[in-house]
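Right, one structure below, let's go through it.
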Amino acid sequence: MKTFLKIKFLIISALIVVLSSCVKELDKEPIFGLNSATVYNDYNSYKQLMAKIYGGLSLSGSNGPGSSDVSGLDGGSSGYIRVLWKLQELTSDEAICGWNDAGIPDLNTNTWTSSNQFVNAMYYRIYYQIALSNDFLRNTEEDLMSKRNFTESQKNDVSVFRAEIRFLRALNYYHLIDLYGKGPFIPENIGGDLPKERSRAEHFNYIETELKLIEDLMANPRSLEYGRVDRGAVWFLLSKLYLNAKVYTGNDKSADAAIYAKKIIDGGYTLEPNYRKLFLTDNFQCTSEIIFPVISDGLKTQSFGTTTFLQNASLGGQMVAKDYGAIEKWAGLRAKPTLSLLLADTLDQRNQLFIKGQRLKINNLTDEKKYTEFAGGYAVPKFRNVSSTKVPGPNKRFCDADFPLFRLGDLYLMYAEALLRSGGSQGEALLYVNKVRERAYGNPSANLSSINLDQILDERSRELHWEGMRRSDLIRFEKYTSSSYLWQFKGGSPDGTGISDNLKIFPIPQAELTANPNISQNPGY
């Protein structure tokens with residue numbers, strides 16, 4: 001049973017922040033159904049308050065599916081993970097969406113501008129989460145705990161709670177620098193001043209420092225209730241931060257990435273033997289592999305984002321919804337040919353492509369239906385509202401499978417890459433790539449005899465497709481904008497074309513530039 005967020009979401013009342021389109025509004029405190037001081041005086045409220053912040057990754061609003069805690073955003077399409085996924089996958093060589101909703105075609109073809117609604121929505125979701133985190137941290141400082149006459153045991157608990165929220169805030173800033181490069185830094189006690197912009201390198205240094213400061217304050221790996229972050233999550237994010245350091249700062253820190261990846265490997269985690277179970281309704285049992293899940297619950301955390309989006313939008317054509325525990329086929333997401341060809345081996349259990357009635361290649365942009373016809377491209381029903389024993393989820397409209405934001409399969413490939421980039425042991429890198437492949441094939445028959453970076457990039461797509469990280473991988477491997485690596489519709493061309501380097505980061509919303517003179521636009525926009 002999902003023992004933390006699954007329960008806590010039910011008893012959150014009205015923790016709502018209303019943000020306008022201006023960064024200067026981001027210092028507003030959350031508006032509670034109860035007086036804020038009253039809420040924080042009650043120790044029993046703290047997990048509920050934390051659950052709201054955790055829940056911001058999966059839920060778009062506090063009033064059920066379709067609601068939005070951030071004014072000006074459509075709750076149905078602007079949830080944190082849903083928008084993050086669109087920016088990472090639709091802009092890459094893996095996924096395409098056939099919907100004509102404003103902003104979607106621009107992501108499919110790498111032709112977005114600063115007015116793209118999904119580019120803007122992700123920016124505001126990030127800062128909404130930061131605002132929630134800051135409010136929690138402001139109201140849980142040590143001197144306030146003493147004034148509230150909390151016991152030592154309660155103070156110790158709150159110290160761990162604070163470390164968790166600081167981690168979640170660092171994660172938000174990580175997504176900021178990965179997607180936008182730079183942006184304002186919002187202190188916990190900002191006062192009335194407009195926030196100052198920080199460069200990508202400055203944000204990098206803050207995230208690195210913050211994660212190291214909280215490392216020893218976090219609970220031991222796998223010691224907390226399911227759904228909460230612990231020290232393992234800190235190590236994972238540090239490893240990912242260091243692996244991308246050359247992109248973010250110009251300095252290669254692959255050796256540091258390997259160090260923190262090894263901490264995870266030595267931390268008691270193991271691969272889930274059944275790869276497909278990682279994306280089913282009972283994946284909450286996969287605690288040996290999933291380091292940080294974003295909770296989805298068909299009854300208690302209903303939204304049109306996260307795995308409900310990833311499942312329903314991937315169903316269409318001749319697919320039978322009930323086979324996936326669903327009742328709706330949104331007929332939007334399919335694989336670009338580059339992904340389908342990587343997943344062609346039918347002996348690889350990561351190949352879950354649905355090809356009946358589907359074509360490998362997507363229609364050309366000049367065709368009457370362009371890429372909107374669902375039959376163009378193989379379907380990818382990776383996330384499913386059924387269990388590993390084929391039991392449907394409790395609600396066929398909303399998917400019950402959690403989203404594995406951090407997991408060990410990713411970490412093994414990160415470790416292998418970090419070793420190769422830092423001049424570490426090629427033998428050890430090969431060992432961990434083959435651990436992933438052996439799980440995928442059920443035996444060592446497909447093990448590799450040697451390994452290089454291009455092979456790792458391909459393996460990452462096989463292992464991690466549809467998990468919202470492909471754009472970042474392609475940028476790190478210097479493939480994203482290159483004219484020597486193409487995919488269908490890259491740059492708006494039917495067969496693909498090179499794109500401008502400025503597209504490695506997204507634009508800052510125009511409304512922010514208008515509202516805050518301390519903020520500047522990214523080059524090329």
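The way I read the labels, and the way they are meant: chains A, B, ... in the order of the structure tokens, residue 1 as the first residue of every chain, and ligand 1 as the first ligand shown, with later ones counted on from there.
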
*Write down as a PyMOL selection string the residues of range 264-481 of chain A whose backbone DSSP state falls under strand (DSSP E or B).*
chain A and resi 290-294+333-335+354+359+376+379+386+392+403-407

Could you build a table of the residues in range 446-501 of chain A lying no more than 10 Å from range 65-84 of chain A, giving for each the nearest pair of atoms and their separation in Å rounded to one decimal place, using only C-alpha atoms, ordered by chain and ascending residue number, as JSON lines?
```
{"residue": "A:Glu467", "atom": "CA", "partner": "A:Ile81", "partner_atom": "CA", "distance": 9.8}
{"residue": "A:Gly468", "atom": "CA", "partner": "A:Leu84", "partner_atom": "CA", "distance": 6.8}
{"residue": "A:Met469", "atom": "CA", "partner": "A:Leu84", "partner_atom": "CA", "distance": 8.9}
```

Output all heavy atoms for every residue in the selection just made, as an mmCIF file, in the first residue's frame.
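See result26.cif below for the written result:
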```cif
data_model
loop_
_atom_site.group_PDB
_atom_site.id
_atom_site.type_symbol
_atom_site.label_atom_id
_atom_site.label_comp_id
_atom_site.auth_asym_id
_atom_site.auth_seq_id
_atom_site.Cartn_x
_atom_site.Cartn_y
_atom_site.Cartn_z
ATOM 1 N N GLU A 467 10.275 8.380 -20.207
ATOM 2 C CA GLU A 467 10.449 8.745 -18.798
ATOM 3 C C GLU A 467 10.923 10.182 -18.624
ATOM 4 O O GLU A 467 11.311 10.589 -17.524
ATOM 5 C CB GLU A 467 11.393 7.759 -18.097
ATOM 6 C CG GLU A 467 10.801 6.351 -18.022
ATOM 7 C CD GLU A 467 11.680 5.371 -17.283
ATOM 8 O OE1 GLU A 467 12.095 5.662 -16.146
ATOM 9 O OE2 GLU A 467 11.962 4.281 -17.846
ATOM 10 N N GLY A 468 10.885 10.975 -19.699
ATOM 11 C CA GLY A 468 11.054 12.412 -19.572
ATOM 12 C C GLY A 468 12.460 12.919 -19.380
ATOM 13 O O GLY A 468 12.671 13.859 -18.599
ATOM 14 N N MET A 469 13.434 12.357 -20.102
ATOM 15 C CA MET A 469 14.810 12.851 -19.952
ATOM 16 C C MET A 469 15.597 12.881 -21.267
ATOM 17 O O MET A 469 16.785 13.198 -21.275
ATOM 18 C CB MET A 469 15.569 12.021 -18.912
ATOM 19 C CG MET A 469 15.656 10.542 -19.204
ATOM 20 S SD MET A 469 16.340 9.608 -17.793
ATOM 21 C CE MET A 469 14.907 9.547 -16.724
#
```

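Comparing A:Asn274, A:Thr151, A:Ser422, A:Thr140 by their smallest distance to Ile259 in chain A, the closest is A:Ser422 (using only C-alpha atoms).
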
Go through range 349-457 of chain A residue by residue and, counting only C-alpha atoms, keep those with an atom at most 7 Å from range 323-342 of chain A; for each kept residue give the shortest atom pair and its distance in Å to one decimal, ordered by chain and increasing number, as a tab-separated table.
```
residue	atom	partner	partner_atom	distance
A:Leu360	CA	A:Pro337	CA	5.8
A:Lys361	CA	A:Pro337	CA	5.8
A:Phe374	CA	A:Ala331	CA	5.9
A:Gly377	CA	A:Arg334	CA	5.4
A:Tyr378	CA	A:Ala335	CA	5.4
A:Ala379	CA	A:Arg334	CA	4.7
A:Val380	CA	A:Arg334	CA	6.1
A:Arg384	CA	A:Tyr324	CA	5.3
A:Asn385	CA	A:Gly325	CA	4.6
A:Val386	CA	A:Gly325	CA	5.3
A:Pro392	CA	A:Gly325	CA	4.8
A:Gly393	CA	A:Gly325	CA	6.2
A:Lys396	CA	A:Ala326	CA	4.6
A:Arg397	CA	A:Ala326	CA	5.9
```

Would you mind exporting the chosen residues as a PDB file, in the first residue's frame, restricted to N, CA, C and O atoms?
```pdb
ATOM      1  N   LEU A 360       5.579   2.572 -39.171  1.00  0.00           N
ATOM      2  CA  LEU A 360       6.832   3.017 -38.553  1.00  0.00           C
ATOM      3  C   LEU A 360       7.014   4.515 -38.726  1.00  0.00           C
ATOM      4  O   LEU A 360       7.319   5.233 -37.772  1.00  0.00           O
ATOM      5  N   LYS A 361       6.812   4.989 -39.953  1.00  0.00           N
ATOM      6  CA  LYS A 361       7.071   6.397 -40.248  1.00  0.00           C
ATOM      7  C   LYS A 361       5.808   7.226 -40.087  1.00  0.00           C
ATOM      8  O   LYS A 361       4.710   6.797 -40.413  1.00  0.00           O
ATOM      9  N   PHE A 374      -3.179   9.027 -35.796  1.00  0.00           N
ATOM     10  CA  PHE A 374      -2.564   8.185 -34.775  1.00  0.00           C
ATOM     11  C   PHE A 374      -1.817   7.009 -35.386  1.00  0.00           C
ATOM     12  O   PHE A 374      -0.845   6.519 -34.810  1.00  0.00           O
ATOM     13  N   GLY A 377       3.327   6.211 -36.810  1.00  0.00           N
ATOM     14  CA  GLY A 377       4.223   6.000 -35.667  1.00  0.00           C
ATOM     15  C   GLY A 377       3.703   4.873 -34.792  1.00  0.00           C
ATOM     16  O   GLY A 377       2.490   4.742 -34.581  1.00  0.00           O
ATOM     17  N   TYR A 378       4.596   4.048 -34.268  1.00  0.00           N
ATOM     18  CA  TYR A 378       4.188   2.970 -33.375  1.00  0.00           C
ATOM     19  C   TYR A 378       3.747   3.551 -32.027  1.00  0.00           C
ATOM     20  O   TYR A 378       4.277   4.571 -31.568  1.00  0.00           O
ATOM     21  N   ALA A 379       2.789   2.906 -31.407  1.00  0.00           N
ATOM     22  CA  ALA A 379       2.307   3.338 -30.089  1.00  0.00           C
ATOM     23  C   ALA A 379       3.218   2.784 -28.993  1.00  0.00           C
ATOM     24  O   ALA A 379       3.852   1.739 -29.159  1.00  0.00           O
ATOM     25  N   VAL A 380       3.265   3.503 -27.870  1.00  0.00           N
ATOM     26  CA  VAL A 380       4.176   3.132 -26.769  1.00  0.00           C
ATOM     27  C   VAL A 380       3.377   3.066 -25.460  1.00  0.00           C
ATOM     28  O   VAL A 380       3.405   4.011 -24.658  1.00  0.00           O
ATOM     29  N   ARG A 384       0.775   1.563 -17.609  1.00  0.00           N
ATOM     30  CA  ARG A 384      -0.506   0.875 -17.737  1.00  0.00           C
ATOM     31  C   ARG A 384      -1.226   0.822 -16.392  1.00  0.00           C
ATOM     32  O   ARG A 384      -0.603   0.624 -15.352  1.00  0.00           O
ATOM     33  N   ASN A 385      -2.531   0.943 -16.455  1.00  0.00           N
ATOM     34  CA  ASN A 385      -3.363   0.925 -15.247  1.00  0.00           C
ATOM     35  C   ASN A 385      -3.774  -0.500 -14.889  1.00  0.00           C
ATOM     36  O   ASN A 385      -4.935  -0.794 -14.624  1.00  0.00           O
ATOM     37  N   VAL A 386      -2.811  -1.392 -14.916  1.00  0.00           N
ATOM     38  CA  VAL A 386      -3.011  -2.773 -14.497  1.00  0.00           C
ATOM     39  C   VAL A 386      -1.798  -3.182 -13.667  1.00  0.00           C
ATOM     40  O   VAL A 386      -0.725  -2.583 -13.767  1.00  0.00           O
ATOM     41  N   PRO A 392      -6.851  -4.793 -12.949  1.00  0.00           N
ATOM     42  CA  PRO A 392      -7.001  -3.380 -13.318  1.00  0.00           C
ATOM     43  C   PRO A 392      -6.922  -2.466 -12.097  1.00  0.00           C
ATOM     44  O   PRO A 392      -7.220  -2.879 -10.969  1.00  0.00           O
ATOM     45  N   GLY A 393      -6.518  -1.225 -12.327  1.00  0.00           N
ATOM     46  CA  GLY A 393      -6.501  -0.239 -11.256  1.00  0.00           C
ATOM     47  C   GLY A 393      -7.905   0.046 -10.749  1.00  0.00           C
ATOM     48  O   GLY A 393      -8.902  -0.289 -11.410  1.00  0.00           O
ATOM     49  N   LYS A 396     -10.728   3.284 -13.680  1.00  0.00           N
ATOM     50  CA  LYS A 396     -10.274   3.106 -15.061  1.00  0.00           C
ATOM     51  C   LYS A 396     -10.085   4.423 -15.805  1.00  0.00           C
ATOM     52  O   LYS A 396      -9.590   4.438 -16.927  1.00  0.00           O
ATOM     53  N   ARG A 397     -10.481   5.544 -15.185  1.00  0.00           N
ATOM     54  CA  ARG A 397     -10.275   6.836 -15.832  1.00  0.00           C
ATOM     55  C   ARG A 397      -8.919   7.441 -15.476  1.00  0.00           C
ATOM     56  O   ARG A 397      -8.347   8.204 -16.254  1.00  0.00           O
TER      57      ARG A 397
END
```

*Between A:Ala121, A:Met145, A:Leu238, A:Cys286, which one has atoms that come closest to Tyr40 in chain A, using only C-alpha atoms?*
A:Met145

*Within 9 Å of Ser520 in chain A using only C-alpha atoms, minus same-chain residues under 3 positions, as a ChimeraX atom specification*: /A:183,197,508,512-513,516-517

Dump as a compact mmCIF listing (two decimals), in the first residue's frame, selection limited to N, CA and C atoms:
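Resulting contents of result.txt:
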```
# COMPACT_ATOMS: atom_id res chain seq x y z
N GLY A 183 17.52 32.14 -14.27
CA GLY A 183 16.25 32.63 -13.76
C GLY A 183 16.45 33.27 -12.41
N GLU A 197 18.24 37.99 -10.89
CA GLU A 197 18.54 36.85 -11.75
C GLU A 197 19.89 36.24 -11.38
N ILE A 508 12.63 32.53 -21.57
CA ILE A 508 11.94 33.03 -20.38
C ILE A 508 10.59 33.62 -20.84
N GLU A 512 7.49 37.82 -17.74
CA GLU A 512 8.49 38.00 -16.68
C GLU A 512 9.42 39.16 -17.01
N LEU A 513 9.78 39.26 -18.28
CA LEU A 513 10.67 40.34 -18.70
C LEU A 513 10.00 41.69 -18.53
N ASN A 516 9.73 42.33 -14.47
CA ASN A 516 10.93 42.42 -13.63
C ASN A 516 12.14 42.83 -14.47
N PRO A 517 12.62 44.05 -14.33
CA PRO A 517 13.78 44.51 -15.11
C PRO A 517 15.08 43.80 -14.74
```

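With distances restricted to only C-alpha atoms, A:Val436 is the closest residue to Glu272 in chain A from A:Ile214, A:Val436, A:Ala245, A:Ile177.
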
*range 212-272 of chain A: which residues are alpha helix (DSSP H) by DSSP, as a ChimeraX atom specification?*
/A:212-214,231-243,245-249,254-265

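Here the question is which of A:Gln521, A:Gln318, A:Thr366, A:Gln88 gets nearest to Tyr480 in chain A using only C-alpha atoms, and that residue is A:Gln88.
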
Considering only C-alpha atoms, return as an mmCIF file with all heavy atoms, in the first residue's frame whatever protein or nucleic-acid residues lie within 8 Å of range 425-431 of chain A, sequence-local ones (same chain, fewer than 4 positions apart) excluded.
```cif
data_model
loop_
_atom_site.group_PDB
_atom_site.id
_atom_site.type_symbol
_atom_site.label_atom_id
_atom_site.label_comp_id
_atom_site.auth_asym_id
_atom_site.auth_seq_id
_atom_site.Cartn_x
_atom_site.Cartn_y
_atom_site.Cartn_z
ATOM 1 N N TYR A 415 26.227 5.918 -14.158
ATOM 2 C CA TYR A 415 27.527 5.523 -13.604
ATOM 3 C C TYR A 415 28.468 5.089 -14.723
ATOM 4 O O TYR A 415 29.643 5.519 -14.773
ATOM 5 C CB TYR A 415 27.327 4.388 -12.604
ATOM 6 C CG TYR A 415 28.589 3.933 -11.899
ATOM 7 C CD1 TYR A 415 29.427 4.841 -11.253
ATOM 8 C CD2 TYR A 415 28.927 2.583 -11.865
ATOM 9 C CE1 TYR A 415 30.577 4.406 -10.598
ATOM 10 C CE2 TYR A 415 30.072 2.140 -11.204
ATOM 11 C CZ TYR A 415 30.895 3.053 -10.577
ATOM 12 O OH TYR A 415 32.025 2.624 -9.921
ATOM 13 N N ALA A 416 27.960 4.262 -15.642
ATOM 14 C CA ALA A 416 28.796 3.804 -16.756
ATOM 15 C C ALA A 416 29.262 4.985 -17.603
ATOM 16 O O ALA A 416 30.438 5.064 -17.986
ATOM 17 C CB ALA A 416 28.012 2.811 -17.610
ATOM 18 N N GLU A 417 28.366 5.906 -17.881
ATOM 19 C CA GLU A 417 28.729 7.087 -18.664
ATOM 20 C C GLU A 417 29.762 7.935 -17.943
ATOM 21 O O GLU A 417 30.742 8.410 -18.546
ATOM 22 C CB GLU A 417 27.475 7.913 -18.947
ATOM 23 C CG GLU A 417 27.729 9.164 -19.757
ATOM 24 C CD GLU A 417 26.490 10.026 -19.921
ATOM 25 O OE1 GLU A 417 25.370 9.526 -19.735
ATOM 26 O OE2 GLU A 417 26.655 11.236 -20.226
ATOM 27 N N LEU A 419 31.938 6.997 -15.759
ATOM 28 C CA LEU A 419 33.235 6.320 -15.778
ATOM 29 C C LEU A 419 33.935 6.536 -17.117
ATOM 30 O O LEU A 419 35.136 6.835 -17.159
ATOM 31 C CB LEU A 419 33.048 4.820 -15.522
ATOM 32 C CG LEU A 419 32.680 4.423 -14.091
ATOM 33 C CD1 LEU A 419 32.361 2.933 -14.022
ATOM 34 C CD2 LEU A 419 33.806 4.759 -13.112
ATOM 35 N N LEU A 420 33.209 6.388 -18.213
ATOM 36 C CA LEU A 420 33.833 6.580 -19.527
ATOM 37 C C LEU A 420 34.292 8.014 -19.719
ATOM 38 O O LEU A 420 35.369 8.266 -20.264
ATOM 39 C CB LEU A 420 32.849 6.189 -20.628
ATOM 40 C CG LEU A 420 32.490 4.709 -20.766
ATOM 41 C CD1 LEU A 420 31.644 4.488 -22.019
ATOM 42 C CD2 LEU A 420 33.732 3.824 -20.809
ATOM 43 N N LYS A 435 24.342 -5.227 -16.783
ATOM 44 C CA LYS A 435 23.340 -5.528 -15.762
ATOM 45 C C LYS A 435 21.950 -5.073 -16.239
ATOM 46 O O LYS A 435 20.941 -5.771 -16.051
ATOM 47 C CB LYS A 435 23.686 -4.828 -14.443
ATOM 48 C CG LYS A 435 24.795 -5.474 -13.624
ATOM 49 C CD LYS A 435 25.057 -4.661 -12.368
ATOM 50 C CE LYS A 435 26.192 -5.266 -11.546
ATOM 51 N NZ LYS A 435 25.761 -6.515 -10.850
ATOM 52 N N LEU A 448 26.928 -6.977 -24.030
ATOM 53 C CA LEU A 448 27.912 -6.368 -24.915
ATOM 54 C C LEU A 448 29.315 -6.794 -24.511
ATOM 55 O O LEU A 448 29.584 -7.080 -23.338
ATOM 56 C CB LEU A 448 27.794 -4.849 -24.858
ATOM 57 C CG LEU A 448 26.427 -4.253 -25.220
ATOM 58 C CD1 LEU A 448 26.443 -2.746 -25.002
ATOM 59 C CD2 LEU A 448 26.053 -4.580 -26.656
ATOM 60 N N SER A 449 30.225 -6.803 -25.475
ATOM 61 C CA SER A 449 31.622 -7.161 -25.185
ATOM 62 C C SER A 449 32.503 -5.934 -25.012
ATOM 63 O O SER A 449 33.631 -6.037 -24.508
ATOM 64 C CB SER A 449 32.177 -8.051 -26.297
ATOM 65 O OG SER A 449 32.092 -7.386 -27.557
ATOM 66 N N SER A 450 31.984 -4.781 -25.441
ATOM 67 C CA SER A 450 32.701 -3.518 -25.260
ATOM 68 C C SER A 450 31.661 -2.414 -25.196
ATOM 69 O O SER A 450 30.480 -2.631 -25.513
ATOM 70 C CB SER A 450 33.691 -3.263 -26.397
ATOM 71 O OG SER A 450 33.002 -3.179 -27.647
ATOM 72 N N ILE A 451 32.088 -1.219 -24.800
ATOM 73 C CA ILE A 451 31.125 -0.132 -24.600
ATOM 74 C C ILE A 451 31.751 1.196 -24.973
ATOM 75 O O ILE A 451 32.953 1.421 -24.749
ATOM 76 C CB ILE A 451 30.624 -0.107 -23.129
ATOM 77 C CG1 ILE A 451 29.420 0.820 -22.987
ATOM 78 C CG2 ILE A 451 31.737 0.261 -22.169
ATOM 79 C CD1 ILE A 451 28.188 0.336 -23.671
#
```

*asked:* Residues within 10 Å of Asn41 in chain A, please, as a ChimeraX atom specification. Count only C-alpha atoms; anything in the same chain fewer than 5 positions from it doesn't count.
replied: /A:36,46,139-140,144-145,147-150

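The space separating CA of Arg460 in chain A from CA of Asp402 in chain A comes to 20.2 Å.
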
*In Å, rounded to a single decimal, give me how far CA of Val294 in chain A is from CA of Val39 in chain A.*
25.1 Å

*If we count only C-alpha atoms, what is near Pro444 in chain A at a cut-off of 9 Å, once residues fewer than 6 positions away on the same chain are taken out, given as a ChimeraX atom specification?*
/A:434-435,437-438

_All residues 9 Å or closer to Asp282 in chain A, only C-alpha atoms, same chain fewer than 5 positions away omitted, as a list of chain:residue names_ =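 The residues satisfying every condition are A:Met1, A:Lys277, A:Val386, A:Ser387, A:Ser388, A:Thr389, A:Asp400, A:Ala401, A:Asp402.
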
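The residue that comes closest to Arg162 in chain A, out of A:Tyr124, A:Tyr525, A:Phe136, A:Trp112 and on the basis of only C-alpha atoms, is A:Phe136.
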
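Closest approach to Lys86 in chain A from the set A:Asn363, A:Phe383, A:Gly55, A:Thr306 is made by A:Thr306, with distances taken over only C-alpha atoms.
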
*Coordinates-based distance that separates CA of Thr307 in chain A from CA of Phe118 in chain A (Å, one decimal)*: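 Here the two named atoms are 17.8 Å from each other.
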